[in-house]
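Quick look at upload.cif (mmCIF, C-alpha atoms and all ligand atoms):
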```cif
data_protein
#
loop_
_atom_site.label_atom_id
_atom_site.label_comp_id
_atom_site.auth_asym_id
_atom_site.auth_seq_id
_atom_site.Cartn_x
_atom_site.Cartn_y
_atom_site.Cartn_z
CA MET A 1 0.00 0.00 0.00
CA SER A 2 1.38 3.38 -0.91
CA GLN A 3 -0.69 5.42 1.57
CA ALA A 4 0.71 6.27 5.03
CA VAL A 5 -0.44 3.95 7.79
CA ALA A 6 -2.58 5.59 10.46
CA PRO A 7 -1.06 5.75 13.97
CA ARG A 8 -1.53 2.65 16.17
CA GLY A 9 -4.96 2.58 17.72
CA LEU A 10 -5.96 5.36 15.28
CA GLU A 11 -4.67 7.93 17.80
CA GLY A 12 -5.46 11.44 16.64
CA VAL A 13 -7.20 10.25 13.47
CA VAL A 14 -10.33 12.24 12.61
CA ALA A 15 -12.59 9.50 11.27
CA THR A 16 -15.90 11.30 10.68
CA THR A 17 -17.72 14.59 10.95
CA SER A 18 -20.23 14.88 13.78
CA GLY A 19 -22.33 17.65 15.29
CA ILE A 20 -22.94 15.92 18.60
CA CYS A 21 -20.01 16.23 20.98
CA TRP A 22 -16.94 18.48 21.06
CA ILE A 23 -13.88 17.76 23.20
CA ASP A 24 -10.72 19.82 23.70
CA GLY A 25 -8.42 17.25 25.25
CA ASP A 26 -5.64 19.74 26.02
CA ALA A 27 -7.91 22.20 27.81
CA GLY A 28 -10.12 19.52 29.43
CA VAL A 29 -13.30 20.73 27.74
CA LEU A 30 -16.28 18.49 27.00
CA SER A 31 -19.49 19.77 25.46
CA TYR A 32 -22.71 18.30 24.14
CA ARG A 33 -23.86 20.24 21.05
CA GLY A 34 -21.48 23.01 22.16
CA ILE A 35 -22.87 23.34 25.71
CA ASP A 36 -20.23 22.88 28.39
CA ILE A 37 -20.54 19.72 30.50
CA HIS A 38 -20.09 21.73 33.72
CA GLU A 39 -23.17 23.77 32.86
CA LEU A 40 -25.15 20.66 31.97
CA ALA A 41 -24.07 18.90 35.19
CA ALA A 42 -25.20 21.91 37.22
CA LYS A 43 -28.44 22.74 35.43
CA SER A 44 -29.67 19.91 33.23
CA THR A 45 -31.26 16.49 33.68
CA PHE A 46 -30.54 13.23 31.89
CA GLU A 47 -33.77 13.62 29.92
CA GLU A 48 -32.96 17.17 28.81
CA SER A 49 -29.36 16.27 27.90
CA THR A 50 -30.59 13.29 25.91
CA TYR A 51 -33.02 15.54 24.04
CA LEU A 52 -30.09 17.85 23.31
CA LEU A 53 -27.96 14.97 22.01
CA TRP A 54 -30.74 13.53 19.83
CA PHE A 55 -32.37 16.67 18.48
CA GLY A 56 -29.47 19.13 18.49
CA LYS A 57 -31.00 21.85 20.67
CA LEU A 58 -32.30 22.41 24.18
CA PRO A 59 -36.03 21.60 24.40
CA THR A 60 -38.76 24.09 25.22
CA SER A 61 -40.72 23.14 28.35
CA ALA A 62 -43.47 21.57 26.19
CA GLU A 63 -40.93 19.59 24.19
CA LEU A 64 -39.23 18.39 27.37
CA ALA A 65 -42.54 17.37 28.93
CA ASP A 66 -43.38 15.43 25.79
CA PHE A 67 -39.95 13.82 25.72
CA LYS A 68 -40.21 12.69 29.35
CA LYS A 69 -43.69 11.31 28.72
CA THR A 70 -42.54 9.27 25.74
CA LEU A 71 -39.48 7.98 27.59
CA ALA A 72 -41.56 6.95 30.62
CA ALA A 73 -44.19 5.34 28.36
CA SER A 74 -41.37 3.31 26.80
CA ARG A 75 -40.80 1.50 30.11
CA THR A 76 -42.38 -1.67 28.82
CA MET A 77 -40.92 -5.02 27.90
CA ASP A 78 -42.29 -8.05 26.15
CA ALA A 79 -43.10 -10.81 28.67
CA SER A 80 -40.91 -13.24 26.72
CA VAL A 81 -37.87 -11.04 27.41
CA VAL A 82 -38.61 -10.98 31.14
CA GLU A 83 -38.96 -14.78 31.07
CA PHE A 84 -35.62 -14.98 29.25
CA LEU A 85 -33.97 -12.97 32.05
CA LYS A 86 -35.49 -15.28 34.66
CA GLY A 87 -34.00 -18.29 32.90
CA LEU A 88 -30.42 -17.00 32.92
CA PRO A 89 -27.81 -18.25 35.41
CA LYS A 90 -27.93 -16.07 38.53
CA ASP A 91 -24.17 -15.58 38.42
CA ALA A 92 -24.11 -14.42 34.79
CA ASN A 93 -21.92 -11.42 33.96
CA VAL A 94 -24.35 -8.48 33.85
CA MET A 95 -22.74 -6.91 30.77
CA GLU A 96 -23.18 -10.22 28.95
CA VAL A 97 -26.80 -10.32 30.10
CA LEU A 98 -27.30 -6.78 28.84
CA ARG A 99 -25.59 -7.36 25.50
CA THR A 100 -27.56 -10.53 24.84
CA THR A 101 -30.91 -9.13 25.98
CA VAL A 102 -30.55 -5.98 23.87
CA SER A 103 -29.94 -8.25 20.90
CA LEU A 104 -33.05 -10.25 21.81
CA LEU A 105 -35.13 -7.08 22.16
CA SER A 106 -34.88 -6.37 18.44
CA ILE A 107 -36.94 -9.46 17.70
CA THR A 108 -39.89 -8.12 19.67
CA ASP A 109 -39.38 -4.45 18.72
CA ALA A 110 -42.29 -2.95 16.80
CA ASP A 111 -39.96 -1.30 14.27
CA ASP A 112 -37.54 -4.24 13.99
CA VAL A 113 -35.42 -3.70 10.86
CA ASP A 114 -36.97 -0.34 9.88
CA SER A 115 -34.02 2.09 9.85
CA THR A 116 -35.76 5.28 8.78
CA HIS A 117 -35.01 8.36 10.89
CA ASP A 118 -38.35 8.23 12.73
CA ALA A 119 -38.07 4.51 13.44
CA ASN A 120 -34.54 5.06 14.76
CA VAL A 121 -35.80 7.73 17.16
CA ARG A 122 -38.65 5.47 18.34
CA LYS A 123 -36.21 2.64 18.92
CA SER A 124 -33.86 4.98 20.78
CA PHE A 125 -36.62 5.90 23.24
CA ARG A 126 -37.45 2.25 23.83
CA LEU A 127 -33.82 1.16 24.21
CA THR A 128 -33.03 4.00 26.62
CA SER A 129 -35.85 2.88 28.90
CA GLN A 130 -35.33 -0.82 28.38
CA ILE A 131 -31.57 -0.93 29.04
CA ALA A 132 -32.23 0.51 32.50
CA MET A 133 -35.05 -2.00 33.01
CA ILE A 134 -32.91 -4.98 32.00
CA VAL A 135 -30.19 -4.07 34.50
CA ALA A 136 -32.68 -3.54 37.34
CA TYR A 137 -34.82 -6.60 36.51
CA PHE A 138 -31.83 -8.91 36.29
CA ASP A 139 -30.32 -7.62 39.52
CA ARG A 140 -33.59 -8.33 41.36
CA ILE A 141 -34.01 -11.73 39.72
CA ARG A 142 -30.48 -12.88 40.53
CA LYS A 143 -30.95 -11.87 44.16
CA GLY A 144 -34.18 -13.88 44.38
CA LYS A 145 -36.23 -10.70 44.88
CA ALA A 146 -39.52 -9.85 43.16
CA ILE A 147 -39.01 -7.55 40.20
CA VAL A 148 -40.17 -3.97 40.71
CA GLU A 149 -42.38 -2.63 37.94
CA PRO A 150 -41.40 0.78 36.57
CA ASP A 151 -43.03 3.92 37.96
CA MET A 152 -43.99 6.18 35.06
CA SER A 153 -44.14 9.24 37.34
CA LEU A 154 -40.43 9.07 38.18
CA SER A 155 -37.47 10.50 36.29
CA HIS A 156 -35.18 8.15 34.38
CA ALA A 157 -32.65 8.28 37.24
CA GLY A 158 -35.28 7.97 39.96
CA ASN A 159 -37.07 5.10 38.25
CA PHE A 160 -33.85 3.15 37.79
CA LEU A 161 -32.89 3.48 41.48
CA TYR A 162 -36.46 2.59 42.43
CA MET A 163 -36.53 -0.53 40.23
CA LEU A 164 -33.19 -1.59 41.68
CA SER A 165 -34.02 -1.17 45.36
CA GLY A 166 -37.81 -1.17 45.53
CA VAL A 167 -37.65 2.13 47.44
CA LYS A 168 -38.25 5.58 45.98
CA PRO A 169 -34.88 7.36 46.22
CA ILE A 170 -34.34 10.46 48.33
CA HIS A 171 -33.82 13.63 46.31
CA GLU A 172 -30.04 13.78 46.96
CA ALA A 173 -29.47 10.23 45.67
CA GLU A 174 -31.68 10.74 42.62
CA ARG A 175 -29.94 14.02 41.72
CA ALA A 176 -26.45 12.53 42.22
CA PHE A 177 -27.36 9.61 39.97
CA ASP A 178 -28.96 11.93 37.43
CA VAL A 179 -25.75 13.98 37.25
CA ALA A 180 -23.71 10.79 36.83
CA LEU A 181 -25.99 9.86 33.91
CA ILE A 182 -25.50 13.31 32.32
CA LEU A 183 -21.72 13.02 32.68
CA HIS A 184 -21.57 9.61 30.99
CA ALA A 185 -24.07 10.33 28.20
CA ASP A 186 -21.70 10.96 25.30
CA HIS A 187 -18.03 11.22 24.48
CA GLU A 188 -17.45 11.72 20.77
CA LEU A 189 -15.78 8.78 19.01
CA ASN A 190 -14.90 6.63 22.01
CA ALA A 191 -14.46 2.92 21.22
CA SER A 192 -18.05 1.81 21.83
CA THR A 193 -19.56 4.72 19.89
CA PHE A 194 -17.16 4.12 17.02
CA ALA A 195 -18.16 0.44 17.06
CA ALA A 196 -21.83 1.47 16.95
CA ARG A 197 -21.20 3.79 14.00
CA VAL A 198 -19.27 1.14 12.06
CA ILE A 199 -22.17 -1.28 12.49
CA ALA A 200 -24.78 1.36 11.65
CA ALA A 201 -22.81 2.36 8.54
CA THR A 202 -23.54 -1.03 6.96
CA LEU A 203 -27.19 0.12 7.23
CA SER A 204 -27.71 -2.49 9.91
CA ASP A 205 -30.33 -1.68 12.56
CA VAL A 206 -30.10 0.27 15.85
CA HIS A 207 -30.24 -2.86 18.03
CA SER A 208 -27.30 -4.43 16.18
CA ALA A 209 -25.26 -1.24 16.61
CA ILE A 210 -26.07 -1.00 20.33
CA THR A 211 -25.37 -4.69 20.91
CA GLY A 212 -21.90 -4.18 19.43
CA ALA A 213 -21.39 -1.00 21.44
CA ILE A 214 -22.21 -2.81 24.70
CA GLY A 215 -19.63 -5.45 23.79
CA ALA A 216 -17.02 -2.71 23.29
CA LEU A 217 -17.96 -0.85 26.49
CA LYS A 218 -17.47 -4.05 28.53
CA GLY A 219 -13.68 -4.07 28.04
CA PRO A 220 -11.50 -2.92 30.97
CA LEU A 221 -9.69 -0.36 28.80
CA HIS A 222 -13.06 1.34 28.27
CA GLY A 223 -16.23 1.25 30.41
CA GLY A 224 -15.15 -1.88 32.28
CA ALA A 225 -12.58 0.24 34.10
CA ASN A 226 -15.10 1.51 36.68
CA GLU A 227 -15.65 -2.01 38.04
CA ALA A 228 -11.90 -2.64 37.97
CA VAL A 229 -11.34 0.50 40.08
CA MET A 230 -13.69 -0.79 42.76
CA LYS A 231 -12.00 -4.21 42.68
CA LEU A 232 -8.72 -2.42 43.40
CA LEU A 233 -10.23 -0.44 46.30
CA TYR A 234 -11.69 -3.64 47.81
CA GLN A 235 -8.33 -5.41 47.41
CA VAL A 236 -6.49 -2.62 49.20
CA ASP A 237 -9.10 -2.67 51.96
CA ALA A 238 -9.10 -6.46 52.33
CA ALA A 239 -5.30 -6.51 52.54
CA GLY A 240 -5.39 -3.72 55.15
CA ALA A 241 -2.70 -2.13 52.98
CA ASP A 242 -1.61 1.44 52.55
CA PRO A 243 -3.19 2.47 49.20
CA VAL A 244 -0.05 4.21 47.99
CA THR A 245 2.22 1.24 48.78
CA TYR A 246 -0.26 -1.11 47.11
CA VAL A 247 -0.44 0.95 43.93
CA ARG A 248 3.32 1.54 43.88
CA ASP A 249 3.77 -2.27 43.82
CA LEU A 250 1.30 -2.60 40.94
CA LEU A 251 3.16 0.03 38.94
CA ALA A 252 6.48 -1.67 39.72
CA ARG A 253 5.00 -4.81 38.15
CA LYS A 254 4.14 -2.70 35.07
CA GLU A 255 0.41 -3.04 35.71
CA LYS A 256 -1.97 -0.33 34.60
CA ILE A 257 -4.07 1.37 37.26
CA SER A 258 -7.69 1.38 36.18
CA GLY A 259 -9.38 4.76 36.14
CA PHE A 260 -6.27 6.65 35.05
CA GLY A 261 -5.13 7.90 31.67
CA HIS A 262 -7.10 8.84 28.61
CA ARG A 263 -6.54 8.82 24.88
CA VAL A 264 -7.86 12.37 24.42
CA TYR A 265 -7.52 14.25 27.72
CA LYS A 266 -4.04 15.48 28.50
CA THR A 267 -5.34 17.24 31.59
CA GLU A 268 -8.15 16.65 34.09
CA ASP A 269 -11.14 14.82 32.62
CA PRO A 270 -13.90 17.40 33.33
CA ARG A 271 -16.25 14.59 34.37
CA ALA A 272 -13.81 13.45 37.07
CA THR A 273 -14.03 16.92 38.67
CA HIS A 274 -17.74 16.30 39.36
CA LEU A 275 -17.43 12.65 40.31
CA ARG A 276 -14.62 13.43 42.79
CA ARG A 277 -16.85 16.00 44.50
CA MET A 278 -19.85 13.66 44.44
CA SER A 279 -17.80 10.83 45.91
CA LYS A 280 -16.63 13.12 48.72
CA ASP A 281 -20.02 14.68 49.43
CA LEU A 282 -21.95 11.41 49.34
CA GLY A 283 -19.32 9.65 51.46
CA THR A 284 -19.33 12.45 54.03
CA ALA A 285 -23.13 12.57 54.13
CA ALA A 286 -23.26 8.79 54.62
CA GLY A 287 -20.66 8.97 57.39
CA ASN A 288 -18.38 6.73 55.33
CA ALA A 289 -15.78 8.61 53.32
CA LYS A 290 -13.43 5.61 53.33
CA TRP A 291 -13.64 4.90 49.62
CA TYR A 292 -13.27 8.56 48.73
CA GLU A 293 -10.25 8.98 51.00
CA MET A 294 -8.58 5.87 49.61
CA SER A 295 -9.27 7.06 46.05
CA GLU A 296 -7.86 10.49 46.79
CA LYS A 297 -4.58 8.99 48.07
CA ILE A 298 -4.26 6.79 44.99
CA GLU A 299 -5.03 9.72 42.70
CA GLY A 300 -2.38 11.91 44.30
CA PHE A 301 0.24 9.20 44.01
CA VAL A 302 -0.53 8.17 40.40
CA LYS A 303 -0.55 11.79 39.36
CA SER A 304 2.81 12.60 40.91
CA GLU A 305 4.44 9.30 39.96
CA LYS A 306 3.09 8.77 36.43
CA LYS A 307 1.66 12.19 35.49
CA LEU A 308 -1.64 10.45 34.81
CA ASN A 309 -5.01 12.05 35.57
CA ALA A 310 -8.09 10.30 36.89
CA ASN A 311 -10.64 9.64 34.17
CA VAL A 312 -14.46 9.37 34.40
CA ASP A 313 -14.23 5.80 35.73
CA PHE A 314 -12.07 6.51 38.77
CA TYR A 315 -14.41 8.38 41.10
CA SER A 316 -17.58 6.86 39.67
CA ALA A 317 -16.55 3.65 41.48
CA SER A 318 -16.61 5.16 44.98
CA THR A 319 -19.64 7.30 44.08
CA TYR A 320 -21.74 4.29 43.04
CA THR A 321 -20.56 2.21 45.99
CA THR A 322 -21.64 4.97 48.36
CA LEU A 323 -25.02 5.00 46.61
CA GLY A 324 -25.31 1.31 47.56
CA ILE A 325 -24.85 -0.06 44.04
CA ASP A 326 -23.08 -3.38 43.49
CA MET A 327 -19.72 -3.27 41.74
CA ASP A 328 -20.73 -5.48 38.82
CA LEU A 329 -23.53 -3.04 37.94
CA PHE A 330 -21.12 -0.13 37.37
CA THR A 331 -20.40 -0.86 33.71
CA PRO A 332 -24.03 -1.75 32.94
CA ILE A 333 -24.93 1.62 34.50
CA PHE A 334 -22.47 3.28 32.11
CA ALA A 335 -24.59 1.74 29.33
CA VAL A 336 -27.79 2.97 31.05
CA SER A 337 -26.44 6.46 30.35
CA ARG A 338 -24.35 6.01 27.19
CA ILE A 339 -27.31 4.63 25.22
CA SER A 340 -28.28 8.28 24.78
CA GLY A 341 -24.98 9.09 23.03
CA TRP A 342 -24.88 5.82 21.09
CA ALA A 343 -28.39 6.47 19.81
CA ALA A 344 -27.52 10.04 18.77
CA HIS A 345 -24.53 8.76 16.80
CA VAL A 346 -26.43 5.93 15.11
CA ILE A 347 -29.18 8.36 14.07
CA GLU A 348 -26.56 10.81 12.77
CA GLN A 349 -24.76 8.03 10.89
CA HIS A 350 -27.96 6.78 9.22
CA ASP A 351 -29.03 10.31 8.36
CA ASN A 352 -25.89 10.84 6.26
CA ASN A 353 -24.45 7.42 5.68
CA ARG A 354 -21.40 6.06 3.96
CA LEU A 355 -19.94 2.62 4.63
CA ILE A 356 -16.97 2.76 7.04
CA ARG A 357 -14.33 0.51 5.55
CA PRO A 358 -10.67 1.46 6.05
CA ARG A 359 -7.64 -0.49 4.79
CA ALA A 360 -4.98 -2.54 6.58
CA ASP A 361 -1.24 -2.29 5.99
CA TYR A 362 -0.49 -5.91 5.07
CA THR A 363 2.42 -7.46 7.02
CA GLY A 364 1.91 -11.17 6.11
CA PRO A 365 3.92 -13.40 3.73
CA ALA A 366 4.79 -11.80 0.41
CA TYR A 367 2.39 -12.25 -2.47
CA PRO A 368 2.31 -14.55 -4.34
CA ALA A 369 2.98 -17.15 -1.64
CA PRO A 370 3.08 -20.74 -2.93
CA TYR A 371 0.15 -23.10 -2.29
CA VAL A 372 2.23 -26.03 -0.98
CA PRO A 373 0.69 -29.47 -1.63
CA MET A 374 -0.27 -31.34 1.58
CA ASP A 375 2.41 -34.02 1.21
CA ASP A 376 5.17 -31.41 0.92
CA ARG A 377 4.21 -29.43 4.05
CA SER A 378 6.36 -29.71 7.17
C1 LIG B 1 -14.71 5.60 29.75
C2 LIG B 1 -13.32 5.31 29.33
O1 LIG B 1 -13.13 4.55 28.44
S1 LIG B 1 -12.09 6.15 30.10
C3 LIG B 1 -10.70 5.02 30.04
C4 LIG B 1 -10.94 3.85 30.93
N1 LIG B 1 -9.81 2.94 30.96
C5 LIG B 1 -8.95 2.85 31.98
O2 LIG B 1 -9.06 3.54 32.97
C6 LIG B 1 -7.89 1.80 31.85
C7 LIG B 1 -6.52 2.33 32.26
N2 LIG B 1 -6.06 3.28 31.28
C8 LIG B 1 -5.49 2.86 30.11
O3 LIG B 1 -5.32 1.67 29.86
C9 LIG B 1 -5.09 3.92 29.10
O4 LIG B 1 -4.74 5.11 29.75
C10 LIG B 1 -6.20 4.16 28.05
C11 LIG B 1 -6.66 2.85 27.43
C12 LIG B 1 -7.39 4.84 28.71
C13 LIG B 1 -5.65 5.09 26.97
O5 LIG B 1 -4.77 4.36 26.27
P1 LIG B 1 -3.69 4.91 25.21
O6 LIG B 1 -4.01 6.26 24.76
O7 LIG B 1 -3.57 3.84 24.19
O8 LIG B 1 -2.38 5.00 26.06
P2 LIG B 1 -1.37 3.81 26.31
O9 LIG B 1 -2.05 2.63 26.89
O10 LIG B 1 -0.56 3.60 25.07
O11 LIG B 1 -0.48 4.47 27.44
C14 LIG B 1 0.61 5.37 27.19
C15 LIG B 1 1.63 5.18 28.31
O12 LIG B 1 1.04 5.51 29.57
C16 LIG B 1 0.97 4.38 30.42
N3 LIG B 1 -0.36 4.32 31.01
C17 LIG B 1 -1.51 4.73 30.45
N4 LIG B 1 -2.52 4.52 31.29
C18 LIG B 1 -1.99 3.99 32.39
C19 LIG B 1 -2.55 3.56 33.62
N5 LIG B 1 -3.85 3.65 33.84
N6 LIG B 1 -1.72 3.06 34.56
C20 LIG B 1 -0.38 2.98 34.34
N7 LIG B 1 0.21 3.36 33.19
C21 LIG B 1 -0.60 3.86 32.24
C22 LIG B 1 1.16 3.17 29.50
O13 LIG B 1 1.69 2.05 30.19
C23 LIG B 1 2.09 3.73 28.46
O14 LIG B 1 3.38 3.75 29.00
P3 LIG B 1 4.66 3.43 28.08
O15 LIG B 1 4.66 4.49 27.01
O16 LIG B 1 5.79 3.51 29.03
O17 LIG B 1 4.43 2.06 27.53
O1 LIG B 2 -13.53 8.83 24.91
C1 LIG B 2 -12.97 7.79 25.26
O2 LIG B 2 -12.02 7.26 24.64
C2 LIG B 2 -13.40 7.08 26.47
C3 LIG B 2 -14.29 7.88 27.35
O3 LIG B 2 -13.86 8.69 28.13
C4 LIG B 2 -15.73 7.68 27.24
O4 LIG B 2 -16.19 6.90 26.40
O5 LIG B 2 -16.48 8.32 27.99
#
```

Could you write out this file's structure as structure tokens?
Ligand SMILES: CC(=O)SCCNC(=O)CCNC(=O)[C@H](O)C(C)(C)COP(=O)(O)OP(=O)(O)OC[C@H]1O[C@@H](n2cnc3c(N)ncnc32)[C@H](O)[C@@H]1OP(=O)(O)O
Ligand SMILES: O=C([O-])CC(=O)C(=O)O
Amino acid sequence: MSQAVAPRGLEGVVATTSGICWIDGDAGVLSYRGIDIHELAAKSTFEESTYLLWFGKLPTSAELADFKKTLAASRTMDASVVEFLKGLPKDANVMEVLRTTVSLLSITDADDVDSTHDANVRKSFRLTSQIAMIVAYFDRIRKGKAIVEPDMSLSHAGNFLYMLSGVKPIHEAERAFDVALILHADHELNASTFAARVIAATLSDVHSAITGAIGALKGPLHGGANEAVMKLLYQVDAAGADPVTYVRDLLARKEKISGFGHRVYKTEDPRATHLRRMSKDLGTAAGNAKWYEMSEKIEGFVKSEKKLNANVDFYSASTYTTLGIDMDLFTPIFAVSRISGWAAHVIEQHDNNRLIRPRADYTGPAYPAPYVPMDDRS
């Protein structure tokens, strides 16, 4: 091939145009449709931010009311899907459950393989509600508890916490979770979103694209890092170790510390600023700032030793733990939020599609290699 090979991992490669999310990695700026994430975290809701991502502008109050109504009305699931969840092994990996169930959902979806703009939007509403339902239903089922039916009067964040615990959340918990959902909603061409766009660009359907995206999010270099962070905190705690000594040993063994580093941000991830504060405030309010304090020590050390900043996954671990959420739900919860961004990108891709099909720089045996007869092979 005569063309230059793109950098490993496509670092710095601009692979598409998009009007959804703008990041300045050097300045630590993240914006949805140009609106700064700090402003959205302070003033918006998950529903409003999702409207912004999907429709490109902030909604009027009537549009927002309509949006919320449609999203709440989408909290339904075919009985066969609920039966499927009940039949799964109780110790199944929740991301695998989510990936497989989202794939199954397409079979019962009213729009199925219709990939027109309007059908894509309808499917996005349903998937946004249903991904949250799958996670909550399966968590209840695996714990031998009765499933909690959705409450259409609650917000997306409130309903999810309610379906998980069976108790209507207090305002502080609902707002903290809502902000976490806003912060995780979109992030330009991250690996799972890119995967979704590649799938959508074959003119395959929304469910196929989201199934692939969930598979990509699961990996520990991407969304799976939030669970890995909590595993580390539990390990330090169980060993009764000093967090800094523990992490220093990991680095000496050339291990990566989950929740640190980022392909795009060369400074503080603006989402980590909020999650750090939430972790501290929630921990202090609960009278248990242990996980926050441990995280803070690790952050200080990794920053000074490796010049690496905490990313979105680092403080979400202690935040979710303080909210009483199990560690293996952290990455599924990332999907509960990121479906909004994935959907926006799939809609944008279908609205102005061209197949995504790059080339590989071939490094195998020189052409033409001989086809050696079986008897002559060693
Ligand atoms: C929602 C998200 O997806 S946010 C990211 C979540 N992922 C994680 O937290 C996993 C830990 N972090 C990482 O693995 C990386 O920082 C990534 C995957 C996020 C970014 O990866 P890349 O841009 O490819 O950077 P890469 O992995 O090449 O790292 C560059 C250098 O920094 C080091 N480094 C990067 N992250 C870390 C880390 N978390 N701990 C220790 N060292 C690290 C690498 O070892 C490498 O060092 P070297 O040049 O001496 O070999
Ligand atoms: O953008 C990335 O590479 C990863 C990330 O932070 C995200 O998906 O939120």

Can you pull out every residue with an atom within 9 Å of ligand LIG 2 (chain B)? Use only C-alpha atoms and all ligand atoms and format it as a PDB file with C-alpha atoms, keeping the file's coordinate frame.
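Resulting contents of result07.pdb:
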```pdb
ATOM      1  CA  LEU A 183     -21.720  13.020  32.680  1.00  0.00           C
ATOM      2  CA  HIS A 184     -21.570   9.610  30.990  1.00  0.00           C
ATOM      3  CA  ALA A 185     -24.070  10.330  28.200  1.00  0.00           C
ATOM      4  CA  ASP A 186     -21.700  10.960  25.300  1.00  0.00           C
ATOM      5  CA  HIS A 187     -18.030  11.220  24.480  1.00  0.00           C
ATOM      6  CA  GLU A 188     -17.450  11.720  20.770  1.00  0.00           C
ATOM      7  CA  LEU A 189     -15.780   8.780  19.010  1.00  0.00           C
ATOM      8  CA  ASN A 190     -14.900   6.630  22.010  1.00  0.00           C
ATOM      9  CA  ALA A 191     -14.460   2.920  21.220  1.00  0.00           C
ATOM     10  CA  SER A 192     -18.050   1.810  21.830  1.00  0.00           C
ATOM     11  CA  THR A 193     -19.560   4.720  19.890  1.00  0.00           C
ATOM     12  CA  LEU A 217     -17.960  -0.850  26.490  1.00  0.00           C
ATOM     13  CA  LEU A 221      -9.690  -0.360  28.800  1.00  0.00           C
ATOM     14  CA  HIS A 222     -13.060   1.340  28.270  1.00  0.00           C
ATOM     15  CA  GLY A 223     -16.230   1.250  30.410  1.00  0.00           C
ATOM     16  CA  HIS A 262      -7.100   8.840  28.610  1.00  0.00           C
ATOM     17  CA  ARG A 263      -6.540   8.820  24.880  1.00  0.00           C
ATOM     18  CA  VAL A 264      -7.860  12.370  24.420  1.00  0.00           C
ATOM     19  CA  TYR A 265      -7.520  14.250  27.720  1.00  0.00           C
ATOM     20  CA  ASP A 269     -11.140  14.820  32.620  1.00  0.00           C
ATOM     21  CA  ARG A 271     -16.250  14.590  34.370  1.00  0.00           C
ATOM     22  CA  ASN A 311     -10.640   9.640  34.170  1.00  0.00           C
ATOM     23  CA  VAL A 312     -14.460   9.370  34.400  1.00  0.00           C
ATOM     24  CA  ASP A 313     -14.230   5.800  35.730  1.00  0.00           C
ATOM     25  CA  PHE A 334     -22.470   3.280  32.110  1.00  0.00           C
ATOM     26  CA  ARG A 338     -24.350   6.010  27.190  1.00  0.00           C
TER      27      ARG A 338
END
```

Of the listed residues A:Lys256, A:Arg277, A:Lys145, A:His38, that which approaches ligand LIG 1 (chain B) most closely, counting all atoms listed in the file: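 Result for the nearest residue to ligand LIG 1 (chain B): A:Lys256.
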
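The space between CA of Ile210 (chain A) and CA of Val198 (chain A) spans 10.9 Å.
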
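For the atom pair formed by CA of Met294 (chain A) and CA of Ala173 (chain A), the distance is 21.7 Å, given to one decimal.
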
Straight-line distance linking CA of Asp328 (chain A) with CA of Lys143 (chain A), stated in Å to one decimal: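 Here the two named atoms are 13.2 Å from each other.
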
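Nearest to Ala228 (chain A) of all the residues A:Asn288, A:Thr202, A:Ser316, A:Ser304 is A:Ser316, counting only C-alpha atoms.
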
Around all the atoms of ligand LIG 1 (chain B) listed in the file, with 6 Å of room on each side, what axis-aligned box do you get, giving centre and edge lengths in Å to one decimal, as AutoDock Vina command-line options?
```
--center_x -4.5 --center_y 4.0 --center_z 29.4 --size_x 32.5 --size_y 16.6 --size_z 22.4
```

Shell around His345 (chain A) at 10 Å using all atoms listed in the file, local window under 3 positions removed, as JSON, numbers by chain: {"A": [18, 19, 20, 21, 53, 54, 186, 188, 189, 193, 194, 196, 197, 200, 339, 340, 341, 342, 348, 349, 350, 351]}

Among the residues A:Val206, A:Leu105, A:Ile347, A:Leu40, the one that comes closest to Thr76 (chain A) [using only C-alpha atoms]: A:Leu105

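For the residues A:Pro368, A:Gly259, A:Pro270, A:Pro332, ranking by smallest atom-to-atom distance to Asp24 (chain A) using all atoms listed in the file places A:Pro270 first.
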
Shell of 9 Å around Ala225 (chain A), all atoms listed in the file, local chain residues under 4 positions omitted, as a list in words: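 Answer for this query is Lys218, Gly219, Pro220, Leu221, Val229, Met230, Ser258, Gly259, Asp313, Phe314 and Thr331 of chain A.
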
Region 86-88 of chain A surroundings by all atoms listed in the file, 9 Å radius, close-in-sequence under 5 positions cut, as number ranges by chain: A: 81, 97, 137-138, 141-142

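Shortest atom-to-atom contact with ligand LIG 1 (chain B) among A:Ile134, A:Val82, A:Leu10, A:Ala27: A:Leu10, counting all atoms listed in the file.
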
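Proximity to Ala335 (chain A) was assessed for A:Ala180, A:Val372, A:Leu233, A:Val167 counting only C-alpha atoms; the smallest distance is recorded for A:Ala180.
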
Quick one: residues within 12 Å of Glu39 (chain A), all atoms listed in the file counted, chain neighbours fewer than 2 positions away excluded, as a short mmCIF file (atom, residue, chain, number, x, y, z; two decimals) with C-alpha atoms, in the frame of the given file?
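Dumped everything to selection-v3.cif:
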```cif
data_model
loop_
_atom_site.label_atom_id
_atom_site.label_comp_id
_atom_site.auth_asym_id
_atom_site.auth_seq_id
_atom_site.Cartn_x
_atom_site.Cartn_y
_atom_site.Cartn_z
CA VAL A 29 -13.30 20.73 27.74
CA LEU A 30 -16.28 18.49 27.00
CA SER A 31 -19.49 19.77 25.46
CA TYR A 32 -22.71 18.30 24.14
CA GLY A 34 -21.48 23.01 22.16
CA ILE A 35 -22.87 23.34 25.71
CA ASP A 36 -20.23 22.88 28.39
CA ILE A 37 -20.54 19.72 30.50
CA ALA A 41 -24.07 18.90 35.19
CA ALA A 42 -25.20 21.91 37.22
CA LYS A 43 -28.44 22.74 35.43
CA SER A 44 -29.67 19.91 33.23
CA THR A 45 -31.26 16.49 33.68
CA SER A 49 -29.36 16.27 27.90
CA VAL A 179 -25.75 13.98 37.25
CA ILE A 182 -25.50 13.31 32.32
CA LEU A 183 -21.72 13.02 32.68
CA PRO A 270 -13.90 17.40 33.33
CA ARG A 271 -16.25 14.59 34.37
CA HIS A 274 -17.74 16.30 39.36
#
```
